[in-house]
Each structure stands twice: as structure tokens, then as C-alpha cells.
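What follows is the content of run.cif, which has mmCIF, C-alpha atoms:
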```
data_upload
#
loop_
_atom_site.label_atom_id
_atom_site.label_comp_id
_atom_site.auth_asym_id
_atom_site.auth_seq_id
_atom_site.Cartn_x
_atom_site.Cartn_y
_atom_site.Cartn_z
CA MET A 92 114.23 88.95 87.81
CA LYS A 93 117.55 87.15 87.38
CA GLY A 94 118.80 89.90 85.11
CA GLN A 95 117.77 92.52 87.67
CA MET A 96 119.75 90.78 90.40
CA ASN A 97 122.79 90.59 88.14
CA LEU A 98 122.93 94.38 88.13
CA PHE A 99 124.17 94.31 91.72
CA GLU A 100 127.04 91.89 91.29
CA PRO A 101 129.93 93.88 89.70
CA ASP A 102 132.03 96.82 90.78
CA TYR A 103 131.85 96.89 94.54
CA ILE A 104 134.23 95.41 97.08
CA LYS A 105 133.04 93.02 99.76
CA ASP A 106 134.27 93.91 103.24
CA ILE A 107 135.79 90.45 103.60
CA ASP A 108 138.05 91.23 100.60
CA CYS A 109 138.95 94.77 101.69
CA THR A 110 142.39 95.39 103.20
CA LEU A 111 144.64 98.27 104.16
CA GLU A 112 146.18 98.02 100.68
CA THR A 113 142.84 98.30 98.84
CA PRO A 114 142.86 101.51 96.73
CA VAL A 115 140.52 104.34 97.68
CA LYS A 116 138.06 104.30 94.79
CA ARG A 117 134.91 106.15 95.80
CA GLY A 118 135.93 107.67 99.10
CA ILE A 119 137.68 110.60 97.43
CA ARG A 120 136.58 114.14 98.23
CA ASP A 121 133.31 114.98 96.48
CA ARG A 122 132.77 117.95 94.21
CA ARG A 123 130.38 120.58 95.56
CA ILE A 124 127.03 120.36 93.74
CA TYR A 125 124.64 121.94 96.24
CA GLY A 126 122.93 124.94 94.67
CA THR A 127 123.73 123.91 91.07
CA GLY A 128 120.41 122.24 90.25
CA THR A 129 122.11 118.84 89.92
CA LYS A 130 119.87 115.78 90.17
CA ILE A 131 121.66 112.76 91.59
CA LYS A 132 121.04 109.46 89.82
CA PRO A 133 121.92 106.02 91.23
CA ARG A 134 125.04 104.31 89.92
CA ILE A 135 122.99 101.12 89.58
CA PRO A 136 119.32 101.40 88.50
CA GLY A 137 116.82 100.61 91.23
CA ARG A 138 114.97 97.32 91.43
CA LYS A 139 111.44 96.74 90.15
CA ASP A 140 111.25 92.98 90.64
CA THR A 141 108.28 93.04 93.06
CA LYS A 142 105.19 95.20 93.42
CA HIS A 143 106.65 96.80 96.55
CA MET A 144 109.93 97.62 94.79
CA GLU A 145 107.96 99.14 91.93
CA ASN A 146 106.05 101.34 94.35
CA ILE A 147 109.18 102.71 96.01
CA PHE A 148 111.23 103.01 92.82
CA LEU A 149 112.95 106.37 92.48
CA GLU A 150 114.78 107.28 89.30
CA GLU A 151 116.66 110.26 90.74
CA LEU A 152 116.79 112.63 93.70
CA PHE A 153 115.72 116.24 93.61
CA PRO A 154 118.62 118.68 93.61
CA LEU A 155 119.85 118.62 97.21
CA GLU A 156 118.99 122.31 97.72
CA GLU A 157 115.28 121.56 97.12
CA TYR A 158 114.94 119.44 100.27
CA ASP A 159 113.67 121.33 103.31
CA LEU A 160 115.32 118.91 105.73
CA ILE A 161 118.08 116.33 105.31
CA VAL A 162 118.08 113.73 108.09
CA VAL A 163 121.17 111.61 108.71
CA LEU A 164 120.23 108.40 110.55
CA ILE A 165 123.42 108.18 112.56
CA SER A 166 124.40 105.27 114.78
CA GLY A 167 127.92 106.30 115.71
CA GLY A 168 129.29 103.76 113.25
CA LYS A 169 131.80 104.68 110.56
CA ASP A 170 129.36 104.38 107.63
CA SER A 171 126.75 106.82 108.93
CA ILE A 172 129.49 109.28 109.91
CA ALA A 173 130.96 109.03 106.39
CA THR A 174 127.46 109.70 105.05
CA TYR A 175 127.33 113.00 106.94
CA PHE A 176 130.75 114.16 105.73
CA LYS A 177 129.86 113.23 102.15
CA LEU A 178 126.84 115.54 102.38
CA ARG A 179 129.05 118.34 103.68
CA GLU A 180 131.56 117.82 100.86
CA LEU A 181 128.70 117.98 98.37
CA GLY A 182 128.01 121.42 99.81
CA VAL A 183 124.94 120.77 101.96
CA PRO A 184 124.87 123.50 104.64
CA LYS A 185 124.68 122.50 108.28
CA SER A 186 121.41 124.43 108.61
CA LYS A 187 119.70 121.82 106.42
CA ILE A 188 120.95 118.76 108.36
CA GLU A 189 119.76 116.97 111.50
CA PHE A 190 121.31 113.92 113.16
CA TRP A 191 118.74 111.35 114.27
CA HIS A 192 119.97 108.75 116.72
CA HIS A 193 117.87 105.94 118.17
CA ASP A 194 118.48 105.00 121.79
CA ILE A 195 118.21 101.22 121.62
CA ASP A 196 117.95 101.02 125.40
CA GLY A 197 114.96 103.37 125.53
CA ARG A 198 116.37 105.16 128.56
CA ASN A 199 115.97 101.94 130.50
CA PRO A 200 117.87 102.61 133.76
CA LYS A 201 118.43 98.92 134.55
CA ARG A 202 119.50 97.15 131.37
CA HIS A 203 121.81 98.04 128.47
CA MET A 204 122.10 96.41 125.06
CA ASP A 205 124.11 99.22 123.50
CA TRP A 206 127.55 100.64 124.22
CA ARG A 207 127.44 102.93 127.24
CA CYS A 208 129.40 105.68 125.47
CA THR A 209 127.44 105.79 122.21
CA GLN A 210 125.10 108.64 123.11
CA ASN A 211 127.97 110.74 124.48
CA TYR A 212 129.97 109.94 121.34
CA MET A 213 127.07 111.13 119.19
CA LYS A 214 126.59 114.27 121.28
CA ALA A 215 130.30 115.04 120.99
CA LEU A 216 130.16 114.81 117.19
CA ALA A 217 126.91 116.80 116.97
CA ASP A 218 128.24 119.55 119.26
CA ALA A 219 131.58 119.73 117.45
CA GLU A 220 129.88 119.99 114.05
CA GLU A 221 127.04 122.20 115.37
CA ILE A 222 124.39 119.85 114.01
CA PRO A 223 121.08 119.37 115.89
CA LEU A 224 120.85 115.89 117.43
CA ARG A 225 117.35 114.44 117.73
CA LEU A 226 117.31 111.43 120.07
CA SER A 227 114.42 109.00 119.83
CA TRP A 228 113.49 105.65 121.33
CA ARG A 229 110.79 103.12 122.07
CA LYS A 230 110.06 103.38 125.76
CA GLU A 231 111.95 100.79 127.87
CA GLY A 232 114.04 99.84 124.81
CA PHE A 233 115.36 96.41 123.88
CA PHE A 234 114.71 94.67 127.17
CA GLY A 235 111.25 96.19 127.54
CA GLU A 236 110.36 94.73 124.16
CA LEU A 237 112.10 91.43 124.92
CA TYR A 238 109.93 90.87 128.00
CA ARG A 239 106.82 92.42 126.48
CA ILE A 240 103.41 91.00 127.39
CA GLY A 241 100.78 93.22 125.83
CA ALA A 242 101.19 96.02 123.28
CA SER A 243 104.58 97.51 122.46
CA LYS A 244 105.49 100.68 124.34
CA PRO A 245 105.01 104.16 122.81
CA ILE A 246 107.75 106.02 120.95
CA GLU A 247 109.36 109.17 122.35
CA TRP A 248 111.77 111.78 121.03
CA VAL A 249 113.57 114.91 122.18
CA ASP A 250 113.36 118.28 120.50
CA PRO A 251 117.02 119.25 119.92
CA GLU A 252 116.39 122.94 120.52
CA THR A 253 114.20 122.89 123.64
CA GLY A 254 114.98 119.49 125.16
CA GLU A 255 111.24 118.83 125.42
CA ILE A 256 110.23 115.15 125.21
CA PHE A 257 107.39 114.32 122.84
CA HIS A 258 105.32 111.12 122.76
CA SER A 259 103.59 109.34 119.91
CA LYS A 260 99.83 109.11 120.24
CA GLU A 261 98.92 105.96 122.12
CA THR A 262 97.22 103.29 120.06
CA PRO A 263 93.93 101.67 121.13
CA GLN A 264 95.95 98.56 122.05
CA GLN A 265 98.32 100.56 124.25
CA LEU A 266 95.42 102.32 125.96
CA ALA A 267 93.67 99.00 126.59
CA CYS A 268 96.85 97.56 128.15
CA LYS A 269 97.28 100.65 130.32
CA GLU A 270 93.74 100.21 131.61
CA ILE A 271 94.41 96.54 132.43
CA GLU A 272 97.63 97.49 134.27
CA GLN A 273 95.75 100.07 136.33
CA ARG A 274 92.98 97.60 137.28
CA ASN A 275 95.56 94.88 138.01
CA PRO A 276 93.09 91.95 137.80
CA GLU A 277 94.08 88.43 138.85
CA ASN A 278 94.19 87.29 135.22
CA LYS A 279 96.17 90.36 134.11
CA LYS A 280 98.80 88.40 132.21
CA GLU A 281 96.24 86.52 130.11
CA LEU A 282 94.33 89.73 129.35
CA LEU A 283 97.51 91.50 128.27
CA LYS A 284 98.51 88.59 126.04
CA GLN A 285 95.50 89.35 123.85
CA TYR A 286 97.30 92.52 122.71
CA GLY A 287 100.68 90.99 121.99
CA TYR A 288 103.42 88.79 123.40
CA ARG A 289 107.19 88.72 122.79
CA MET A 290 109.37 86.83 125.30
CA LYS A 291 111.92 85.83 122.63
CA PHE A 292 115.25 87.18 121.49
CA PRO A 293 115.35 88.49 117.90
CA ALA A 294 116.11 85.74 115.41
CA LYS A 295 119.35 85.72 113.46
CA SER A 296 117.50 86.24 110.22
CA GLY A 297 116.99 88.71 107.40
CA ASN A 298 113.25 88.46 108.07
CA LEU A 299 112.27 91.57 110.04
CA MET A 300 109.16 89.83 111.38
CA THR A 301 111.36 87.62 113.54
CA ARG A 302 114.45 89.84 113.77
CA TRP A 303 112.29 92.33 115.60
CA CYS A 304 115.04 94.57 117.04
CA SER A 305 115.56 96.51 113.79
CA PRO A 306 111.90 97.35 113.01
CA TYR A 307 110.70 97.91 116.58
CA LEU A 308 113.69 99.88 117.88
CA LYS A 309 114.94 101.69 114.76
CA ILE A 310 112.80 101.64 111.61
CA ASP A 311 109.41 102.24 113.26
CA VAL A 312 110.94 104.81 115.61
CA ALA A 313 112.33 106.95 112.77
CA ALA A 314 109.11 106.72 110.74
CA THR A 315 106.94 107.64 113.74
CA VAL A 316 109.05 110.68 114.59
CA LEU A 317 108.99 111.85 110.98
CA ARG A 318 105.21 111.54 110.69
CA ASN A 319 104.75 113.55 113.88
CA LEU A 320 107.14 116.47 113.33
CA GLU A 321 105.41 119.79 112.76
CA ILE A 322 108.18 121.02 110.48
CA VAL A 323 107.50 118.26 107.96
CA LYS A 324 103.71 117.99 108.24
CA GLU A 325 102.69 119.56 104.92
CA ASN A 326 104.18 120.94 101.70
CA SER A 327 107.67 119.70 102.55
CA LYS A 328 110.45 117.71 100.96
CA VAL A 329 112.58 115.53 103.24
CA LEU A 330 115.63 113.40 102.44
CA ILE A 331 116.51 110.51 104.78
CA CYS A 332 120.17 109.48 104.49
CA SER A 333 121.56 106.24 105.91
CA GLY A 334 124.89 104.42 105.75
CA GLU A 335 124.19 100.91 104.45
CA ARG A 336 126.80 99.54 102.02
CA ARG A 337 126.67 96.71 99.47
CA GLY A 338 129.97 95.26 100.67
CA GLU A 339 128.56 94.46 104.13
CA SER A 340 126.41 91.48 103.16
CA VAL A 341 124.56 89.66 100.41
CA GLY A 342 121.29 91.19 101.63
CA ARG A 343 122.58 94.75 101.54
CA SER A 344 124.18 94.22 98.14
CA LYS A 345 120.66 94.24 96.71
CA TYR A 346 119.56 97.50 98.35
CA ASN A 347 118.57 100.42 96.17
CA GLU A 348 120.75 103.50 96.40
CA MET A 349 117.65 105.69 96.49
CA GLU A 350 113.93 105.09 96.88
CA ILE A 351 110.68 106.61 98.08
CA TYR A 352 110.50 106.43 101.88
CA PHE A 353 107.06 104.84 101.91
CA ARG A 354 106.70 104.86 105.71
CA ALA A 355 106.23 108.64 105.79
CA ASN A 356 105.77 109.73 102.17
CA ALA A 357 102.34 111.39 101.74
CA GLU A 358 102.41 113.32 98.49
CA LYS A 359 98.66 113.24 97.83
CA LYS A 360 97.30 113.76 101.34
CA LEU A 361 99.84 116.15 102.84
CA LYS A 362 101.98 117.12 99.84
CA ARG A 363 104.87 115.71 101.86
CA THR A 364 107.58 114.05 99.81
CA VAL A 365 110.08 111.83 101.60
CA HIS A 366 113.00 110.19 99.80
CA GLN A 367 115.72 107.90 101.15
CA TRP A 368 119.31 107.96 99.94
CA ARG A 369 122.24 105.68 100.79
CA PRO A 370 125.14 107.91 99.72
CA VAL A 371 127.97 105.49 100.56
CA ILE A 372 126.26 102.30 99.36
CA ASP A 373 129.05 101.52 96.87
CA TYR A 374 131.94 102.52 99.13
CA SER A 375 134.42 99.91 100.26
CA GLU A 376 135.46 99.78 103.91
CA LYS A 377 138.72 101.47 102.86
CA ASP A 378 136.70 104.26 101.20
CA VAL A 379 134.78 104.87 104.41
CA TRP A 380 137.87 104.97 106.61
CA GLU A 381 139.41 107.45 104.15
CA VAL A 382 136.49 109.86 104.78
CA LEU A 383 136.95 109.65 108.57
CA LYS A 384 140.72 109.95 108.18
CA ARG A 385 140.69 113.19 106.16
CA ASN A 386 138.16 114.68 108.55
CA ASN A 387 140.24 113.58 111.58
CA VAL A 388 137.25 111.87 113.23
CA SER A 389 138.12 109.55 116.09
CA PRO A 390 136.30 106.25 115.40
CA HIS A 391 133.78 105.02 117.96
CA PRO A 392 135.67 103.45 120.89
CA CYS A 393 134.35 99.98 120.06
CA TYR A 394 136.36 99.97 116.80
CA ARG A 395 139.44 101.09 118.67
CA ALA A 396 138.93 98.27 121.19
CA GLY A 397 138.89 95.62 118.45
CA TRP A 398 135.29 95.39 117.22
CA ASN A 399 134.88 95.34 113.43
CA ARG A 400 131.28 96.62 113.55
CA CYS A 401 129.56 99.31 115.59
CA SER A 402 126.32 97.45 116.16
CA CYS A 403 124.79 97.09 119.61
CA ALA A 404 127.33 95.88 122.16
CA GLY A 405 125.29 92.71 122.61
CA CYS A 406 124.17 92.37 118.99
CA ILE A 407 122.54 88.99 118.29
CA PHE A 408 124.77 88.60 115.22
CA SER A 409 127.99 88.94 117.24
CA THR A 410 130.53 86.22 116.57
CA PRO A 411 131.89 84.09 119.45
CA GLU A 412 135.00 86.31 119.48
CA LEU A 413 132.88 89.47 119.79
CA PHE A 414 130.77 87.99 122.58
CA ALA A 415 133.95 86.91 124.37
CA GLY A 416 135.02 90.56 124.21
CA PHE A 417 131.58 91.65 125.42
CA LYS A 418 131.95 89.31 128.40
CA GLU A 419 135.27 90.96 129.29
CA ILE A 420 133.97 94.52 128.95
CA TYR A 421 130.54 93.98 130.52
CA PRO A 422 130.71 90.82 132.69
CA GLU A 423 127.55 91.73 134.65
CA GLU A 424 125.53 92.31 131.47
CA PHE A 425 126.78 88.99 130.09
CA GLU A 426 125.59 87.15 133.21
CA LYS A 427 122.21 88.89 133.00
CA MET A 428 121.84 87.78 129.38
CA LYS A 429 122.56 84.20 130.42
CA GLU A 430 119.82 84.63 133.04
CA ASP A 431 117.51 85.99 130.32
CA GLU A 432 118.06 82.78 128.35
CA ARG A 433 117.12 80.73 131.40
CA ILE A 434 113.99 82.78 132.22
CA LEU A 435 112.75 82.89 128.63
CA GLY A 436 113.67 79.31 127.79
CA PHE A 437 115.00 80.78 124.56
CA THR A 438 118.67 81.19 123.63
CA LEU A 439 120.12 84.29 121.99
CA ASP A 440 121.88 82.13 119.41
CA ASN A 441 119.69 79.94 117.23
CA LYS A 442 121.44 76.73 118.28
CA CYS A 443 123.01 77.01 121.73
CA ASP A 444 123.29 79.08 124.91
CA LEU A 445 125.74 81.97 125.22
CA GLU A 446 128.34 80.16 127.30
CA THR A 447 128.49 77.30 124.80
CA TYR A 448 128.51 79.78 121.91
CA ILE A 449 131.74 81.47 123.05
CA LEU A 450 133.42 78.27 124.26
CA ASN A 451 137.20 78.54 123.68
CA ALA A 452 136.74 81.61 121.46
CA LYS A 453 139.61 84.07 121.44
CA THR A 454 138.41 87.49 122.59
CA CYS A 455 138.36 90.31 120.06
CA LEU A 456 139.28 92.84 122.76
CA TYR A 457 142.37 94.91 121.98
CA LYS A 458 143.81 96.20 125.26
CA GLY A 459 146.32 98.60 123.75
CA ASP A 460 143.87 101.53 123.59
CA LYS A 461 143.11 102.14 127.25
CA ALA A 462 141.17 105.36 126.55
CA ALA A 463 138.76 103.45 124.30
CA ILE A 464 138.18 100.74 126.90
CA HIS A 465 137.65 103.41 129.55
CA SER A 466 134.95 105.02 127.36
CA LEU A 467 133.20 101.69 126.75
CA ILE A 468 133.10 100.87 130.46
CA THR A 469 132.28 104.29 131.91
CA GLY A 470 130.33 105.83 129.03
CA GLU A 471 132.57 108.89 129.10
CA PHE A 472 133.28 110.69 125.81
CA THR A 473 133.54 114.46 125.33
CA MET A 474 133.72 116.93 122.48
CA ASP A 475 137.46 117.21 123.13
CA ASP A 476 137.81 113.54 122.15
CA ILE A 477 136.00 113.59 118.78
CA PHE A 478 138.77 114.93 116.54
CA VAL A 479 142.36 113.66 116.54
CA GLU A 480 145.45 114.98 114.75
CA ASP A 481 147.36 111.71 114.66
CA TRP A 482 144.68 109.58 112.98
CA LYS A 483 145.27 105.82 112.95
CA TYR A 484 143.23 102.87 111.72
CA PRO A 485 141.46 101.32 114.71
CA ALA A 486 142.26 97.78 115.84
CA GLY A 487 138.93 96.53 114.47
CA ALA A 488 139.46 97.78 110.92
CA PHE A 489 139.60 95.34 108.00
CA HIS A 490 138.19 92.29 109.78
CA GLY A 491 135.18 91.94 107.48
CA SER A 492 131.56 92.70 108.36
CA GLU A 493 130.65 89.50 110.20
CA GLY A 494 129.04 90.17 113.56
CA GLY A 495 126.62 92.94 112.60
CA PRO A 496 123.13 93.24 111.08
CA CYS A 497 122.70 91.11 107.98
#
```
File written out as C-alpha cells:
Amino acid sequence: MKGQMNLFEPDYIKDIDCTLETPVKRGIRDRRIYGTGTKIKPRIPGRKDTKHMENIFLEELFPLEEYDLIVVLISGGKDSIATYFKLRELGVPKSKIEFWHHDIDGRNPKRHMDWRCTQNYMKALADAEEIPLRLSWRKEGFFGELYRIGASKPIEWVDPETGEIFHSKETPQQLACKEIEQRNPENKKELLKQYGYRMKFPAKSGNLMTRWCSPYLKIDVAATVLRNLEIVKENSKVLICSGERRGESVGRSKYNEMEIYFRANAEKKLKRTVHQWRPVIDYSEKDVWEVLKRNNVSPHPCYRAGWNRCSCAGCIFSTPELFAGFKEIYPEEFEKMKEDERILGFTLDNKCDLETYILNAKTCLYKGDKAAIHSLITGEFTMDDIFVEDWKYPAGAFHGSEGGPC
């Protein structure tokens, strides 16, 4: 096992060591291979150190032209955007690609964990590139799950062509909770608790059992949508592409470049093959910015306003400086999160309350880009804003990866 781990150590640049002067090494324009029968192999062989890793091991991808659908899991962050443009440079036609974006807030009209402009930013990019954008979410989003008593809410998604909203089939637990809610008995809370109970912020941990935001609001959402789409029910090959990079963290440095997407792969039952690929896994931060620069893509407004990561606005991993910036941008949301800590008796940070956490921290907020701040506050972002001729590195570039998912 030790030898296997050693495979991941050399030849990639940690974000903390990446600067404006770092040479562009892997972010150069890719050679077109689509339609040539080329099978892509990982630069570093995949892991087989556990039974699970053995089961999802993938030696190589099919030639890209053999996949019926290529899904880009796109957050609005620089890495997932670079993933899309890499596919295009490899020759993948737009007709084969869909953007999938998860609404962390679950269309919750009252509370927001994410940046207010993110969905408009994603729509602007999708419209400009003429790529279908499939929005999906867990109903009531982050704060619905945070205050959950009973089963988690169902998952919903929008058909990009018709705008029709689809729903996952309700589980027996969800149906039982719905029946309890309708009866509204005196001991409703205790009855609902039998089917689940949250009432805690996600833990700052690599363990997805306790850091519940990622699995409940992203991973499970994507897998559920994929399993329910008619176009990928049977006899299909699907490639899921995401933007994780080794340089972001120790945990991500050990990710495989490619693997079987076990959450929806059903080769025996449905003859449905689903692979996952992380095309920019070995890119440095400089490599990623180079891709956005040559494609003239305006970075998400949060980068331009000083944030080094495009996670949720109120990401649990945010540093004191990032939360100080969050407090400036969204003072009402910050106060509500302090109230959440009081109600739940559970702090967002593992050790102290929010006010103590940011005590004397210097805000990350860069006030020189007024258009970016306007977008973050109002949510406004149009297709006219997505491409820029005079491309500049955003204020948040080259500040390492601290403050985002581990």
C-alpha cells in the first residue's frame, strides 16, 4: 500500500506553491483526438489498495467518440470550466456535452448558502457556448437538510430542453414522513425522528458521513439524476467529467484520474456503462488559469472579489479571512448563521462560534472590482459578461486552496 501511495507524490504542483511565475506545464492547448479511436490512459495508474478501489479501477477510457453523453459537473469554479474547454480542445462536439449544476440552496426562497450569482453565471456560460444546462437539487437545499427532522427531501431536476421539473421516486421513509406531516399528531417530532435527524452543521472532515453537504447536496443528486434519465437507461455509455485537482489538497492528491462511476454503472442489468474522468487532475492552478485566459472566460465574480476558491459562499471550510469577507458581502446571512449556531447548539467551526472564529481577521474582500461585488450582492450576471477581451488574473488567484472542500 505504501508503494501505491508513493505513485501520487511526484510531478504535480501544490496550489500553495503555485505563483504567477509558475510555468504553464499541462494547461497548453490539447491536440484534437476525438474521432481517432484514441483510448486515454491515466498519467498515474489507478489505485487498487482497497476492495472498493479494486472494484472501481479503470485502466483506460473508451475513445471519447464512443460515449453517448459526456456530462461536465460544473460548479462555476475555474477547474470545472477548464475541464469543459479541455474537452472542446480534444475535439468533443457540443452536441455530446451537457453541463450539470447542483443548486446547493435547493430553490429555498428564504436562505442562501451559495453565491447569489452562481446560477446566472452558469446560465451565461451555457447560453454563450450553446451547451444544455441541467439544474438539479435536493429540495429545500442546505438549510432544509441542516434542520432536517425525518427523512431527507427528494431530489429534483430540470429538463434543459423543456424546462419541465422531474422528481425522484419517493422512498418509503419519505412517504412515511409525509403521512406523519399530514396527520400532524402531537408527538410528530418524535415520530419523524425515527426516520432521520440532522440538526448539525457539516463537520470539517474528509469523512463524508459527517461532512454531509457534499454527499447529500452534490454526489447523491448527480447519481440520482443519472439513474433516472431516459436517455441513459439502457445500452448507453456515459462519461462523467469533474474538475478535482491533486494540487488542491492531500486528500485529492490520491484521487484516481479515471474510474468506474459505481453509483450509476449497471453493465450487467441495463448494459449501461458509466465512467468518471478528472481531465485536469494534474494541472497546476497556473495551468487552469491559462485555459480560462486563452478562452477569454471571465472568472466567477467571487474570484474577482478576492476569494481563492469558488466553493459555497458560506463554505464550512472558509478561513477567518473568507468569513470576514462573507460578513461584509452578506451581513444578514452572517447574522442568520450566528442564530443557527444558537438554535442548534452546534457551531459551524469545530472549536468556536463564528464571531470568535473571524475575530480580528483581515477581510479577503477586494473592493477594486465593483462589477464583481455588484454581481455577488444582486445575483446579476448576463451572457454579455461571460467573455472579456482584456483578460486579467482575478484578485483571488494564487492564494492557495485553503478555504474550500478538502
Check: Using only C-alpha atoms, which of A:Phe408, A:Tyr448, A:Trp380, A:Trp482 sits nearest Pro114 in chain A?
Finding: A:Trp380
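Reported to one decimal place, the separation of CA of Pro390 in chain A from CA of Trp191 in chain A is 18.3 Å.
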When the PyMOL selection byres ((chain A and resi 395) around 8) is applied to the structure above, which residues does it catch, written out as a PDB file with C-alpha atoms, keeping the file's coordinate frame?
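So the final result, stored in selection.pdb, reads:
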```pdb
ATOM      1  CA  PRO A 390     136.300 106.250 115.400  1.00  0.00           C
ATOM      2  CA  HIS A 391     133.780 105.020 117.960  1.00  0.00           C
ATOM      3  CA  PRO A 392     135.670 103.450 120.890  1.00  0.00           C
ATOM      4  CA  CYS A 393     134.350  99.980 120.060  1.00  0.00           C
ATOM      5  CA  TYR A 394     136.360  99.970 116.800  1.00  0.00           C
ATOM      6  CA  ALA A 396     138.930  98.270 121.190  1.00  0.00           C
ATOM      7  CA  GLY A 397     138.890  95.620 118.450  1.00  0.00           C
ATOM      8  CA  TRP A 398     135.290  95.390 117.220  1.00  0.00           C
ATOM      9  CA  TYR A 457     142.370  94.910 121.980  1.00  0.00           C
ATOM     10  CA  ASP A 460     143.870 101.530 123.590  1.00  0.00           C
ATOM     11  CA  ALA A 463     138.760 103.450 124.300  1.00  0.00           C
ATOM     12  CA  PRO A 485     141.460 101.320 114.710  1.00  0.00           C
ATOM     13  CA  ALA A 486     142.260  97.780 115.840  1.00  0.00           C
ATOM     14  CA  GLY A 487     138.930  96.530 114.470  1.00  0.00           C
TER      15      GLY A 487
END
```
Check: Using the chain letters and numbers from the file, which residues does the PyMOL selection byres ((chain A and resi 327) around 7) grab, as an MDAnalysis selection string?
Finding: chainID A and resid 159 323 325:326 328:329 362:364
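Residues surrounding Ile310 in chain A within 12 Å are Leu164, Trp191, His192, His193, Ile195, Ser227, Trp228, Arg229, Ile246, Leu299, Trp303, Cys304, Ser305, Pro306, Ala314, Thr315, Val316, Leu317, Ile331, Ser333, Tyr352, Phe353, Arg354 and Ala355 of chain A [all atoms listed in the file; sequence separation below 4 positions excluded].
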Note to self: Which residues are close to Phe478 in chain A, i.e. within 7 Å by all atoms listed in the file, leaving aside same-chain residues fewer than 2 positions away? Reply as a list in words.
What the structure shows: Asn387, Val388, Ser389, Asp476 and Glu480 of chain A
Notebook entry, point to check: On this structure, which residues satisfy the PyMOL selection byres ((chain A and resi 134) around 9), written as a VMD selection string?
Noted result: chain A and resid 132 to 133 135 to 136 348 373
Would you tabulate, counting all atoms listed in the file, all residues of range 257-305 of chain A that have an atom at most 12 Å from an atom of range 437-446 of chain A, showing the closest pair of atoms and their distance in Å to one decimal, sorted by chain then ascending number, as a Markdown table?
```
| residue | atom | partner | partner_atom | distance |
| --- | --- | --- | --- | --- |
| A:Arg289 | CA | A:Phe437 | CA | 11.3 |
| A:Met290 | CA | A:Phe437 | CA | 8.3 |
| A:Lys291 | CA | A:Phe437 | CA | 6.2 |
| A:Phe292 | CA | A:Leu439 | CA | 5.7 |
| A:Pro293 | CA | A:Leu439 | CA | 7.6 |
| A:Ala294 | CA | A:Asn441 | CA | 7.1 |
| A:Lys295 | CA | A:Asn441 | CA | 6.9 |
| A:Ser296 | CA | A:Asn441 | CA | 9.7 |
| A:Thr301 | CA | A:Asn441 | CA | 11.9 |
| A:Arg302 | CA | A:Leu439 | CA | 11.4 |
```
